[in-house]
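Shown here: query_21.cif, mmCIF, C-alpha atoms.
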data_model
loop_
_atom_site.label_atom_id
_atom_site.label_comp_id
_atom_site.auth_asym_id
_atom_site.auth_seq_id
_atom_site.Cartn_x
_atom_site.Cartn_y
_atom_site.Cartn_z
CA MET F 183 87.75 87.08 94.51
CA THR F 184 90.41 84.43 94.76
CA ILE F 185 93.63 84.73 96.68
CA LYS F 186 96.63 84.93 94.36
CA LEU F 187 99.99 83.65 95.54
CA TYR F 188 102.95 84.71 93.44
CA GLY F 189 105.87 82.30 93.66
CA VAL F 190 107.11 78.88 92.64
CA ALA F 191 106.13 75.52 94.08
CA MET F 192 109.72 74.36 94.61
CA SER F 193 110.67 77.40 96.70
CA THR F 194 110.85 76.81 100.46
CA CYS F 195 109.12 80.07 101.29
CA THR F 196 106.36 79.78 98.68
CA ALA F 197 105.72 76.17 99.74
CA LYS F 198 105.47 77.22 103.40
CA VAL F 199 102.46 79.34 102.43
CA LEU F 200 101.05 76.60 100.19
CA ALA F 201 101.08 74.19 103.13
CA CYS F 202 99.09 76.68 105.20
CA LEU F 203 96.58 77.32 102.38
CA HIS F 204 96.04 73.58 101.99
CA GLU F 205 95.57 73.06 105.73
CA TYR F 206 92.69 75.56 105.60
CA GLY F 207 91.34 74.21 102.31
CA ALA F 208 91.54 77.77 101.00
CA GLU F 209 90.93 78.50 97.34
CA PHE F 210 93.82 80.21 95.68
CA GLU F 211 95.70 80.58 92.43
CA LEU F 212 99.48 80.03 92.28
CA VAL F 213 100.86 82.58 89.83
CA PRO F 214 104.33 81.52 88.66
CA VAL F 215 107.17 84.03 88.85
CA ASN F 216 110.00 83.49 86.38
CA LEU F 217 113.05 83.69 88.61
CA GLN F 218 115.45 82.68 85.83
CA ASN F 219 114.40 85.76 83.85
CA GLY F 220 114.67 87.96 86.95
CA GLU F 221 110.96 88.66 87.00
CA HIS F 222 111.13 89.11 90.79
CA LYS F 223 113.41 92.11 90.33
CA GLN F 224 111.22 93.81 87.72
CA PRO F 225 109.03 96.81 88.57
CA ALA F 226 105.75 94.90 88.31
CA PHE F 227 106.84 92.43 90.98
CA LEU F 228 108.68 95.02 93.08
CA ALA F 229 105.34 96.81 93.32
CA LYS F 230 104.11 93.74 95.20
CA ASN F 231 107.29 93.08 97.21
CA PRO F 232 109.82 95.91 97.25
CA PHE F 233 112.43 93.45 98.55
CA GLY F 234 112.16 91.51 95.29
CA GLN F 235 111.55 88.07 96.86
CA ILE F 236 108.90 85.41 96.45
CA PRO F 237 106.25 84.80 97.62
CA ALA F 238 103.83 87.69 97.51
CA LEU F 239 100.08 87.44 98.05
CA GLU F 240 97.15 89.44 96.75
CA ASP F 241 93.71 89.21 98.33
CA GLY F 242 91.50 91.85 96.80
CA ASP F 243 93.08 95.18 97.67
CA LEU F 244 95.55 93.67 100.14
CA THR F 245 99.08 92.88 99.00
CA LEU F 246 101.43 91.07 101.38
CA PHE F 247 104.92 89.60 101.37
CA GLU F 248 107.15 87.75 103.89
CA SER F 249 105.99 84.12 103.96
CA ARG F 250 105.35 84.04 107.72
CA ALA F 251 103.22 87.21 107.59
CA ILE F 252 101.26 85.65 104.72
CA SER F 253 100.69 82.34 106.52
CA THR F 254 99.59 84.23 109.64
CA TYR F 255 97.14 86.24 107.52
CA VAL F 256 95.72 83.05 106.01
CA ALA F 257 95.32 81.49 109.46
CA GLU F 258 93.57 84.63 110.76
CA LYS F 259 91.35 84.97 107.69
CA PHE F 260 90.09 81.40 107.94
CA LYS F 261 89.84 81.42 111.74
CA GLY F 262 86.74 79.67 113.00
CA SER F 263 87.00 76.74 110.67
CA SER F 264 87.93 73.34 112.08
CA CYS F 265 91.59 74.15 111.42
CA ASP F 266 93.25 76.17 114.18
CA LEU F 267 96.93 76.75 113.62
CA LEU F 268 97.26 79.91 115.75
CA ARG F 269 95.16 78.87 118.80
CA SER F 270 93.77 82.41 118.87
CA GLN F 271 90.94 81.56 121.29
CA ASN F 272 93.41 80.74 124.06
CA PRO F 273 95.85 83.59 124.79
CA LYS F 274 98.40 81.38 126.56
CA GLU F 275 98.45 78.80 123.77
CA ALA F 276 98.57 81.59 121.19
CA ALA F 277 101.61 83.08 122.99
CA LEU F 278 103.36 79.70 122.95
CA VAL F 279 102.65 79.30 119.24
CA LYS F 280 104.16 82.74 118.63
CA THR F 281 107.18 81.85 120.78
CA TRP F 282 107.95 78.72 118.75
CA MET F 283 107.27 80.60 115.51
CA GLU F 284 109.97 83.01 116.65
CA VAL F 285 112.25 80.07 117.45
CA GLU F 286 111.84 78.82 113.86
CA SER F 287 112.48 82.32 112.60
CA GLN F 288 115.43 83.32 114.82
CA GLN F 289 117.13 80.02 115.81
CA PHE F 290 116.25 77.28 113.33
CA SER F 291 116.10 79.10 110.02
CA PRO F 292 119.46 80.93 110.27
CA ALA F 293 121.12 77.60 111.11
CA ILE F 294 119.51 75.47 108.37
CA SER F 295 119.35 77.91 105.49
CA PRO F 296 123.15 77.99 104.81
CA ILE F 297 123.12 74.15 104.63
CA PHE F 298 120.25 74.30 102.13
CA TYR F 299 121.92 77.08 100.16
CA GLN F 300 125.34 75.41 99.96
CA SER F 301 124.10 71.85 99.42
CA ILE F 302 121.29 72.48 96.97
CA ILE F 303 121.23 76.02 95.54
CA VAL F 304 124.96 76.45 94.90
CA PRO F 305 125.52 73.24 92.94
CA ILE F 306 122.17 73.15 91.17
CA LEU F 307 121.43 76.78 90.36
CA HIS F 308 124.94 78.23 90.29
CA GLY F 309 126.92 75.16 89.17
CA GLY F 310 129.39 75.78 92.00
CA SER F 311 130.94 73.74 94.79
CA PRO F 312 129.45 73.77 98.25
CA ASN F 313 131.45 75.60 100.92
CA GLN F 314 132.01 72.81 103.39
CA ALA F 315 133.22 75.11 106.15
CA ILE F 316 129.92 77.00 106.08
CA ILE F 317 127.97 73.74 106.03
CA ASP F 318 129.92 72.33 108.98
CA GLU F 319 129.48 75.48 111.04
CA SER F 320 125.75 75.58 110.31
CA ALA F 321 125.32 71.87 110.98
CA ALA F 322 126.86 72.34 114.41
CA LYS F 323 124.48 75.25 115.14
CA LEU F 324 121.49 73.32 113.83
CA GLY F 325 122.43 70.33 116.00
CA LYS F 326 122.30 72.51 119.11
CA VAL F 327 118.92 73.92 118.13
CA LEU F 328 117.59 70.43 117.49
CA ASP F 329 118.89 69.31 120.89
CA VAL F 330 116.52 71.88 122.41
CA TYR F 331 113.70 70.56 120.20
CA GLU F 332 114.48 66.98 121.28
CA LYS F 333 114.06 67.98 124.91
CA LYS F 334 110.92 70.05 124.26
CA LEU F 335 109.29 67.22 122.34
CA SER F 336 109.64 64.98 125.39
CA SER F 337 107.05 67.13 127.16
CA SER F 338 104.70 67.92 124.27
CA LYS F 339 103.71 66.23 121.04
CA TYR F 340 104.32 69.33 118.94
CA LEU F 341 106.48 72.38 119.52
CA ALA F 342 103.96 74.75 121.13
CA GLY F 343 101.94 72.06 122.91
CA ASP F 344 99.96 68.94 122.17
CA PHE F 345 98.49 70.55 119.06
CA TYR F 346 99.84 71.07 115.55
CA SER F 347 100.34 74.76 114.84
CA LEU F 348 101.96 77.21 112.45
CA ALA F 349 105.09 76.85 114.60
CA ASP F 350 105.49 73.25 113.36
CA LEU F 351 104.29 74.01 109.82
CA HIS F 352 106.95 76.67 109.24
CA HIS F 353 109.65 74.01 109.56
CA LEU F 354 108.30 71.67 106.90
CA THR F 355 109.89 72.89 103.70
CA TYR F 356 113.46 73.40 104.90
CA ILE F 357 113.49 70.01 106.67
CA TYR F 358 112.08 68.33 103.56
CA TYR F 359 115.03 69.56 101.56
CA LEU F 360 117.50 68.81 104.38
CA MET F 361 116.40 65.16 104.26
CA LYS F 362 117.60 65.03 100.63
CA THR F 363 121.13 65.82 101.84
CA PRO F 364 123.45 63.84 104.13
CA TYR F 365 122.53 66.32 106.88
CA GLY F 366 119.15 64.68 107.24
CA LYS F 367 121.04 62.65 109.85
CA LEU F 368 120.65 65.64 112.18
CA ILE F 369 116.93 64.87 112.22
CA ASN F 370 117.25 61.07 112.17
CA GLU F 371 119.74 60.95 115.05
CA ARG F 372 117.22 62.52 117.42
CA PRO F 373 114.32 60.11 118.03
CA ARG F 374 111.68 62.59 119.14
CA VAL F 375 112.60 65.11 116.44
CA LYS F 376 112.49 62.28 113.91
CA ALA F 377 109.06 61.15 115.11
CA TRP F 378 107.79 64.73 115.04
CA TRP F 379 109.12 65.17 111.49
CA GLU F 380 107.48 61.92 110.35
CA ASP F 381 104.19 63.05 111.86
CA ILE F 382 104.10 66.57 110.43
CA SER F 383 105.38 65.55 107.00
CA SER F 384 102.70 62.89 106.65
CA ARG F 385 99.88 65.43 106.91
CA PRO F 386 97.78 65.42 103.70
CA ALA F 387 98.17 69.20 103.30
CA PHE F 388 101.94 68.85 103.27
CA LYS F 389 101.94 65.87 100.91
CA LYS F 390 100.25 68.09 98.31
CA VAL F 391 103.09 70.58 98.71
CA ALA F 392 105.93 68.06 98.90
CA SER F 393 105.30 66.84 95.37
CA GLY F 394 106.29 70.33 94.17
CA LEU F 395 109.56 70.47 96.15
CA THR F 396 111.59 69.19 93.25
CA LEU F 397 114.84 71.15 93.53
CA GLY F 398 117.71 68.72 93.16
CA ASP F 399 115.61 65.87 91.83
CA LYS F 400 117.07 64.09 88.88
CA ASN F 401 114.58 63.81 86.00
CA MET S 262 97.35 90.47 139.74
CA ALA S 263 100.05 88.20 138.44
CA VAL S 264 103.57 89.55 138.48
CA ILE S 265 105.28 90.22 135.18
CA LYS S 266 109.00 89.53 135.26
CA VAL S 267 111.66 90.22 132.66
CA HIS S 268 114.95 88.40 133.11
CA GLY S 269 117.73 90.05 131.14
CA SER S 270 120.33 92.74 130.82
CA PRO S 271 119.74 96.47 130.18
CA LEU S 272 122.55 96.33 127.58
CA SER S 273 120.93 93.52 125.60
CA THR S 274 119.12 94.70 122.49
CA ALA S 275 116.57 91.91 122.78
CA THR S 276 115.87 92.67 126.45
CA ARG S 277 115.31 96.31 125.56
CA ARG S 278 112.72 95.32 123.00
CA VAL S 279 110.52 93.79 125.70
CA LEU S 280 111.17 96.62 128.16
CA ALA S 281 110.16 99.19 125.53
CA CYS S 282 106.86 97.39 125.07
CA LEU S 283 106.15 97.21 128.81
CA TYR S 284 106.90 100.91 129.28
CA GLU S 285 104.71 101.83 126.29
CA LYS S 286 101.87 99.81 127.84
CA GLU S 287 102.52 101.41 131.27
CA ILE S 288 102.53 98.02 132.92
CA ASP S 289 104.33 97.32 136.19
CA PHE S 290 106.97 94.66 136.01
CA GLN S 291 109.91 93.30 137.92
CA PHE S 292 113.29 93.40 136.22
CA VAL S 293 115.53 90.48 137.18
CA PRO S 294 119.12 91.13 136.09
CA VAL S 295 120.96 88.20 134.53
CA ASN S 296 124.73 88.30 134.93
CA MET S 297 125.95 87.39 131.47
CA GLY S 298 129.55 88.06 132.45
CA THR S 299 129.42 85.06 134.76
CA GLY S 300 127.46 82.93 132.27
CA GLU S 301 124.27 83.03 134.30
CA HIS S 302 122.25 82.79 131.06
CA LYS S 303 123.68 79.30 130.54
CA SER S 304 122.86 78.09 134.07
CA ASP S 305 120.29 75.36 134.60
CA SER S 306 117.90 77.73 136.34
CA PHE S 307 117.98 80.17 133.42
CA LEU S 308 117.76 77.41 130.81
CA ALA S 309 114.50 76.39 132.51
CA LEU S 310 113.19 79.82 131.47
CA ASN S 311 114.80 79.90 128.01
CA PRO S 312 116.22 76.62 126.74
CA PHE S 313 118.25 78.56 124.15
CA GLY S 314 120.19 80.27 126.94
CA GLN S 315 119.58 83.80 125.71
CA VAL S 316 118.16 86.90 127.33
CA PRO S 317 115.44 87.95 127.80
CA ALA S 318 113.11 85.49 129.44
CA PHE S 319 109.61 86.65 130.33
CA GLU S 320 107.02 85.57 132.88
CA ASP S 321 103.40 86.62 133.38
CA GLY S 322 102.16 84.58 136.30
CA ASP S 323 102.62 80.96 135.29
CA LEU S 324 103.10 81.77 131.59
CA LYS S 325 106.76 81.58 130.66
CA LEU S 326 107.92 82.91 127.30
CA PHE S 327 111.16 83.69 125.51
CA GLU S 328 112.10 85.30 122.17
CA SER S 329 111.71 89.05 122.67
CA ARG S 330 109.29 89.51 119.76
CA ALA S 331 106.98 86.78 121.08
CA ALA S 332 107.00 88.32 124.56
CA ALA S 333 106.38 91.85 123.25
CA ASN S 334 103.62 90.59 120.96
CA TYR S 335 101.96 88.79 123.89
CA VAL S 336 102.06 91.95 126.03
CA ALA S 337 100.63 94.07 123.20
CA HIS S 338 97.69 91.68 122.77
CA GLU S 339 97.04 90.72 126.39
CA TYR S 340 97.13 94.34 127.57
CA ALA S 341 95.65 95.86 124.41
CA ASP S 342 93.53 98.29 126.40
CA LYS S 343 96.44 99.73 128.43
CA GLY S 344 98.87 102.48 127.52
CA THR S 345 99.88 102.95 123.88
CA GLN S 346 97.98 100.97 121.25
CA LEU S 347 100.77 98.99 119.60
CA LEU S 348 98.52 96.90 117.36
CA ILE S 349 96.28 97.81 114.42
CA PRO S 350 92.70 97.12 115.50
CA GLY S 351 90.16 96.38 112.82
CA SER S 352 90.09 93.96 109.95
CA SER S 353 92.43 91.05 109.42
CA LYS S 354 93.75 92.91 106.35
CA GLU S 355 94.91 95.84 108.44
CA ALA S 356 96.40 93.54 111.06
CA ALA S 357 98.19 91.69 108.26
CA VAL S 358 100.09 94.85 107.30
CA LEU S 359 101.42 95.01 110.87
CA GLU S 360 102.54 91.36 110.67
CA LEU S 361 104.27 92.12 107.40
CA TRP S 362 106.39 94.97 108.79
CA LYS S 363 107.20 92.95 111.91
CA GLU S 364 108.51 90.23 109.58
CA VAL S 365 110.49 92.82 107.60
CA GLU S 366 112.25 93.82 110.83
CA ALA S 367 112.95 90.18 111.67
CA HIS S 368 114.06 88.98 108.22
CA GLN S 369 115.45 92.01 106.42
CA PHE S 370 116.59 94.63 108.95
CA ASN S 371 117.69 92.52 111.90
CA SER S 372 120.55 90.54 110.41
CA PRO S 373 122.60 93.29 108.71
CA SER S 374 121.86 95.84 111.44
CA SER S 375 122.85 93.39 114.19
CA LYS S 376 126.13 92.64 112.43
CA VAL S 377 126.95 96.35 112.11
CA VAL S 378 125.95 96.93 115.74
CA TRP S 379 128.19 94.06 116.85
CA GLU S 380 131.18 95.38 114.84
CA LEU S 381 130.84 99.12 115.50
CA PHE S 382 129.10 99.29 118.88
CA PHE S 383 129.77 96.20 120.99
CA LYS S 384 133.25 95.15 119.80
CA PRO S 385 134.93 98.48 120.68
CA PHE S 386 133.13 98.43 124.04
CA LEU S 387 134.58 94.96 124.63
CA GLY S 388 138.07 95.91 123.40
CA MET S 389 137.80 93.75 120.27
CA ALA S 390 138.90 94.70 116.76
CA THR S 391 136.27 95.70 114.18
CA ASP S 392 136.16 93.73 110.90
CA ALA S 393 135.90 96.43 108.23
CA ALA S 394 134.86 93.99 105.50
CA VAL S 395 131.88 92.80 107.55
CA VAL S 396 130.90 96.40 108.21
CA GLU S 397 131.12 97.35 104.55
CA GLU S 398 129.10 94.36 103.36
CA ASN S 399 126.38 94.79 105.95
CA GLU S 400 126.15 98.56 105.65
CA ALA S 401 125.57 98.08 101.92
CA GLN S 402 122.84 95.53 102.62
CA LEU S 403 121.30 97.74 105.29
CA GLY S 404 121.36 100.69 102.87
CA LYS S 405 119.25 98.76 100.36
CA ILE S 406 116.75 97.88 103.04
CA LEU S 407 116.57 101.47 104.23
CA ASP S 408 115.91 102.54 100.63
CA VAL S 409 112.72 100.46 100.81
CA TYR S 410 111.90 102.05 104.18
CA GLU S 411 112.48 105.52 102.69
CA THR S 412 109.85 104.86 100.01
CA ARG S 413 107.48 103.27 102.51
CA LEU S 414 107.77 106.23 104.89
CA THR S 415 106.68 108.60 102.14
CA GLN S 416 103.39 106.67 102.06
CA SER S 417 102.89 106.11 105.76
CA LYS S 418 104.00 108.05 108.86
CA TYR S 419 105.25 104.89 110.57
CA LEU S 420 106.08 101.55 109.01
CA ALA S 421 102.77 99.70 109.31
CA SER S 422 100.35 102.62 109.57
CA ASP S 423 100.11 106.28 110.48
CA ASN S 424 100.52 105.30 114.14
CA PHE S 425 103.47 103.91 116.06
CA THR S 426 103.12 100.13 116.37
CA LEU S 427 105.09 97.04 117.38
CA ALA S 428 106.70 97.06 113.93
CA ASP S 429 108.46 100.35 114.70
CA LEU S 430 109.15 99.37 118.33
CA TYR S 431 111.02 96.21 117.27
CA HIS S 432 113.60 98.40 115.51
CA LEU S 433 114.40 100.67 118.47
CA SER S 434 117.24 98.66 120.02
CA ASN S 435 119.39 98.33 116.91
CA VAL S 436 118.53 101.84 115.70
CA GLN S 437 119.67 103.31 119.02
CA CYS S 438 122.98 101.43 118.88
CA LEU S 439 123.57 102.45 115.25
CA LEU S 440 123.03 106.12 116.17
CA ALA S 441 126.09 105.88 118.41
CA THR S 442 128.28 104.73 115.51
CA PRO S 443 129.37 106.13 112.11
CA ALA S 444 126.65 103.94 110.58
CA LYS S 445 124.15 106.62 111.56
CA LYS S 446 124.99 108.16 108.20
CA LEU S 447 122.72 105.52 106.69
CA PHE S 448 119.77 107.21 108.40
CA GLU S 449 120.94 110.80 107.91
CA SER S 450 121.11 110.45 104.13
CA ARG S 451 117.47 109.32 103.91
CA PRO S 452 115.16 112.15 105.03
CA HIS S 453 112.03 110.13 105.82
CA VAL S 454 114.01 107.41 107.59
CA ASP S 455 115.89 110.11 109.50
CA ALA S 456 112.66 111.74 110.66
CA TRP S 457 111.24 108.36 111.67
CA VAL S 458 114.39 107.46 113.61
CA LYS S 459 114.27 110.78 115.47
CA GLU S 460 110.56 110.33 116.28
CA ILE S 461 110.73 106.79 117.59
CA THR S 462 113.88 107.27 119.66
CA ALA S 463 112.39 110.39 121.29
CA ARG S 464 109.42 108.50 122.74
CA PRO S 465 109.22 108.83 126.54
CA ALA S 466 108.83 105.07 127.02
CA TRP S 467 112.10 104.51 125.15
CA SER S 468 113.86 107.10 127.31
CA LYS S 469 112.83 105.04 130.35
CA VAL S 470 114.51 101.97 128.82
CA LEU S 471 117.70 103.94 128.23
CA ALA S 472 117.57 105.32 131.79
CA MET S 473 117.78 101.74 133.10
CA MET S 474 121.37 101.67 131.86
CA LYS S 475 122.30 104.29 134.37
CA GLN S 476 121.06 102.35 137.39
#
Starting from the file, give its structure as structure tokens.
Amino acid sequence: MTIKLYGVAMSTCTAKVLACLHEYGAEFELVPVNLQNGEHKQPAFLAKNPFGQIPALEDGDLTLFESRAISTYVAEKFKGSSCDLLRSQNPKEAALVKTWMEVESQQFSPAISPIFYQSIIVPILHGGSPNQAIIDESAAKLGKVLDVYEKKLSSSKYLAGDFYSLADLHHLTYIYYLMKTPYGKLINERPRVKAWWEDISSRPAFKKVASGLTLGDKN
Amino acid sequence: MAVIKVHGSPLSTATRRVLACLYEKEIDFQFVPVNMGTGEHKSDSFLALNPFGQVPAFEDGDLKLFESRAAANYVAHEYADKGTQLLIPGSSKEAAVLELWKEVEAHQFNSPSSKVVWELFFKPFLGMATDAAVVEENEAQLGKILDVYETRLTQSKYLASDNFTLADLYHLSNVQCLLATPAKKLFESRPHVDAWVKEITARPAWSKVLAMMKQ
């Protein structure tokens, strides 16, 4: 039975899971959810995710939501293959991966998501004007977080160590969209962060996902 | 045996999260107070433990961690055979349900509950004025989230399974603070949530965390 991922390719959270599925070469079906029609707030979808957000995943009798829980499940399910994004065989490395996954979750994401929301979602999906005060405040916060990354990346190639892990992968989709805005400078101004971004975004698994991250592209 | 150290403050909700886990696992540890009033958490020596300058920081021998959920998760796995079982042993599908409810705490519950806790619990304690609009907005958001919890807790005794796990433990700090404010009405009006709140805050390990305040 194939894994089904409910979501849309251009969504940061859906794409985060897609990147993980591609890293593991997992077979899956992407089932589109019609956000414009509010499908994610209808009973059928709420039965999969009571918080009414994409993505959701079905694997046989298991239903999951929260993109980071889904990616962790995928990494655990396909453990033992040549791909090892959780470093589960080494408890210390695994703990460091979890630490930097929490950093993405608790430090990075709250700082970057208002920039993404104001710069991309508000003008494109709501036809409104970005709130510059919110952007400026978030950019300052994100800069401080990235200063910590800049220092960390002077002692290891990736965030949790000298190995690519879910901790790095979880950053991909928000940074991809950030680079489409003037705030991409926050990445480019920091040489090690920039090099890390260029490395992780050039991975074949991510390139498959990046082609779907089309929010804001002019046709 | 390597020494486990927690650097933090007994008032800090994040520090309490790690302490709760250590008490549940019945593991000895050394508590190293960090004087936030004097900015010790921004000192070079503390930043070497947590480059984000926040409590807690955690050490187990030469392993240094930060982010309370990462530290608690490490303890629960590394010491799986001690004290309370905080994980769901078995298949990756069952473990996935635990990850899911841990993420729900982090990405749904944490933000609105922390804002209400800041406004109604910490600000008065610090002599600062509460922002009623922030309280109203975040109580409304928290109410919607607790509606989902109410349904979930009709299906399952605790959030991730019929046993207390890390997913429930992660909520303790903010839940305890909310109980000391008018926002406790959000629990009281939801019978299954109310019962769950009463259960988890009555755990002996949690009482030990609260007793640290009095030292």
Closest contacts (chain F/chain S, max 8 Å, all atoms listed in the file) as a tab-separated table:
residue	atom	partner	partner_atom	distance
F:Pro232	CA	S:Val409	CA	6.5
F:Phe233	CA	S:Val409	CA	7.4
F:Leu244	CA	S:Lys354	CA	6.5
F:Leu246	CA	S:Leu361	CA	6.7
F:Phe247	CA	S:Leu361	CA	6.6
F:Glu248	CA	S:Leu361	CA	6.3
F:Arg250	CA	S:Glu364	CA	7.2
F:Ala251	CA	S:Leu361	CA	5.0
F:Ile252	CA	S:Leu361	CA	7.6
F:Thr254	CA	S:Ala357	CA	7.7
F:Tyr255	CA	S:Ala357	CA	5.6
F:Glu258	CA	S:Ser353	CA	6.7
F:Lys259	CA	S:Ser353	CA	6.4
F:Pro273	CA	S:Glu339	CA	7.4
F:Lys274	CA	S:Leu324	CA	6.9
F:Ala277	CA	S:Tyr335	CA	5.8
F:Leu278	CA	S:Leu326	CA	7.1
F:Lys280	CA	S:Ala331	CA	5.5
F:Thr281	CA	S:Ala331	CA	4.9
F:Glu284	CA	S:Glu328	CA	6.3
F:Val285	CA	S:Glu328	CA	7.0
F:Ser287	CA	S:Ala367	CA	7.9
F:Gln288	CA	S:Ala367	CA	7.9
F:Val327	CA	S:Phe313	CA	7.6
F:Val330	CA	S:Pro312	CA	6.4
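Nearest to Glu285 of chain S of all the residues S:Leu347, S:Leu439, S:Ala421, S:Met473 is S:Leu347, based on only C-alpha atoms.
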| task | Write out as a list of chain:residue names each polymer residue whose atoms come within 6 Å of segment 333-350 of chain F, counting all atoms listed in the file; drop sequence neighbours fewer than 3 positions from it. | result |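 Non-adjacent residues within range: F:Leu267, F:Leu278, F:Val279, F:Trp282, F:Met283, F:Val330, F:His353.
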| message | Is it possible to get the residues within 12 Å of (113.7, 62.5, 116.6) (coordinates as in the file, counting only C-alpha atoms) written as a count of residues only? | response | 28
| field | Thr415 of chain S surroundings by all atoms listed in the file, 10 Å radius, close-in-sequence under 6 positions cut, as a list in words | value |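 In the requested form, the answer reads Pro452, His453 and Val454 of chain S.
If you measure from each of S:Lys384, S:Lys303, S:Lys445, S:Lys286 to Lys343 of chain S using only C-alpha atoms, the closest one turns out to be S:Lys286.
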| field | Spatial neighbours of Pro386 of chain F, max dist 12 Å, all atoms listed in the file, sep filter under 2 positions, as a PyMOL selection string | value | chain F and resi 201-202+204-207+381-384+388-393
| request: Using only C-alpha atoms, determine which residues lie at most 7 Å from Thr184 of chain F, disregarding the query and same-chain residues fewer than 3 positions distant; provide the list as a PyMOL selection string. | output: chain F and resi 209-211+241
| query | Which one of F:Val215, F:Ala226, F:Leu239, F:Leu354 sits closest to Leu187 of chain F if you count only C-alpha atoms? | reply |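 Looking at the shortest contact to Leu187 of chain F, the residue is F:Leu239.
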| query | Which neighbours of Pro214 of chain F fall inside 9 Å, counting all atoms listed in the file, when residues of the same chain fewer than 5 positions from it are skipped, and could you give them as a list in words? | reply |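 My list of contacting residues is Leu187, Tyr188, Gly189, Val190 and Ala191 of chain F.
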| request: Considering only C-alpha atoms, state which residue in the set S:Trp379, S:Leu348, S:Asp455, S:Gly269 is at the smallest distance from Val316 of chain S. | output: S:Gly269
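A straight line drawn from atom CA of Ser374 of chain S to atom CA of Asn313 of chain F is 24.7 Å long.
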Could you rebuild segment 361-365 of chain S with all heavy atoms and give it back as a PDB file, in the coordinates of the input?
ATOM      1  N   LEU S 361     103.312  91.998 108.489  1.00  0.00           N
ATOM      2  CA  LEU S 361     104.270  92.120 107.400  1.00  0.00           C
ATOM      3  C   LEU S 361     105.485  92.940 107.841  1.00  0.00           C
ATOM      4  O   LEU S 361     106.643  92.500 107.676  1.00  0.00           O
ATOM      5  CB  LEU S 361     103.584  92.801 106.211  1.00  0.00           C
ATOM      6  CG  LEU S 361     104.315  92.908 104.895  1.00  0.00           C
ATOM      7  CD1 LEU S 361     103.313  93.184 103.790  1.00  0.00           C
ATOM      8  CD2 LEU S 361     105.324  94.034 104.899  1.00  0.00           C
ATOM      9  N   TRP S 362     105.257  94.117 108.425  1.00  0.00           N
ATOM     10  CA  TRP S 362     106.390  94.970 108.790  1.00  0.00           C
ATOM     11  C   TRP S 362     107.140  94.432 110.005  1.00  0.00           C
ATOM     12  O   TRP S 362     108.344  94.674 110.156  1.00  0.00           O
ATOM     13  CB  TRP S 362     105.948  96.434 108.926  1.00  0.00           C
ATOM     14  CG  TRP S 362     105.699  96.981 107.557  1.00  0.00           C
ATOM     15  CD1 TRP S 362     104.494  97.089 106.906  1.00  0.00           C
ATOM     16  CD2 TRP S 362     106.699  97.402 106.608  1.00  0.00           C
ATOM     17  NE1 TRP S 362     104.682  97.548 105.622  1.00  0.00           N
ATOM     18  CE2 TRP S 362     106.008  97.748 105.411  1.00  0.00           C
ATOM     19  CE3 TRP S 362     108.089  97.516 106.655  1.00  0.00           C
ATOM     20  CZ2 TRP S 362     106.681  98.212 104.274  1.00  0.00           C
ATOM     21  CZ3 TRP S 362     108.763  97.984 105.516  1.00  0.00           C
ATOM     22  CH2 TRP S 362     108.057  98.321 104.354  1.00  0.00           C
ATOM     23  N   LYS S 363     106.481  93.651 110.837  1.00  0.00           N
ATOM     24  CA  LYS S 363     107.200  92.950 111.910  1.00  0.00           C
ATOM     25  C   LYS S 363     108.139  91.914 111.293  1.00  0.00           C
ATOM     26  O   LYS S 363     109.278  91.748 111.729  1.00  0.00           O
ATOM     27  CB  LYS S 363     106.218  92.255 112.863  1.00  0.00           C
ATOM     28  CG  LYS S 363     105.504  93.204 113.813  1.00  0.00           C
ATOM     29  CD  LYS S 363     104.232  92.599 114.387  1.00  0.00           C
ATOM     30  CE  LYS S 363     104.511  91.422 115.317  1.00  0.00           C
ATOM     31  NZ  LYS S 363     103.242  90.760 115.725  1.00  0.00           N
ATOM     32  N   GLU S 364     107.664  91.215 110.255  1.00  0.00           N
ATOM     33  CA  GLU S 364     108.510  90.230 109.580  1.00  0.00           C
ATOM     34  C   GLU S 364     109.660  90.916 108.847  1.00  0.00           C
ATOM     35  O   GLU S 364     110.762  90.378 108.771  1.00  0.00           O
ATOM     36  CB  GLU S 364     107.687  89.390 108.602  1.00  0.00           C
ATOM     37  CG  GLU S 364     106.748  88.394 109.268  1.00  0.00           C
ATOM     38  CD  GLU S 364     107.482  87.371 110.115  1.00  0.00           C
ATOM     39  OE1 GLU S 364     108.492  86.816 109.649  1.00  0.00           O
ATOM     40  OE2 GLU S 364     107.045  87.127 111.258  1.00  0.00           O
ATOM     41  N   VAL S 365     109.414  92.085 108.285  1.00  0.00           N
ATOM     42  CA  VAL S 365     110.490  92.820 107.600  1.00  0.00           C
ATOM     43  C   VAL S 365     111.601  93.135 108.610  1.00  0.00           C
ATOM     44  O   VAL S 365     112.793  92.962 108.315  1.00  0.00           O
ATOM     45  CB  VAL S 365     109.959  94.108 106.945  1.00  0.00           C
ATOM     46  CG1 VAL S 365     111.113  95.009 106.510  1.00  0.00           C
ATOM     47  CG2 VAL S 365     109.074  93.763 105.754  1.00  0.00           C
TER      48      VAL S 365
END
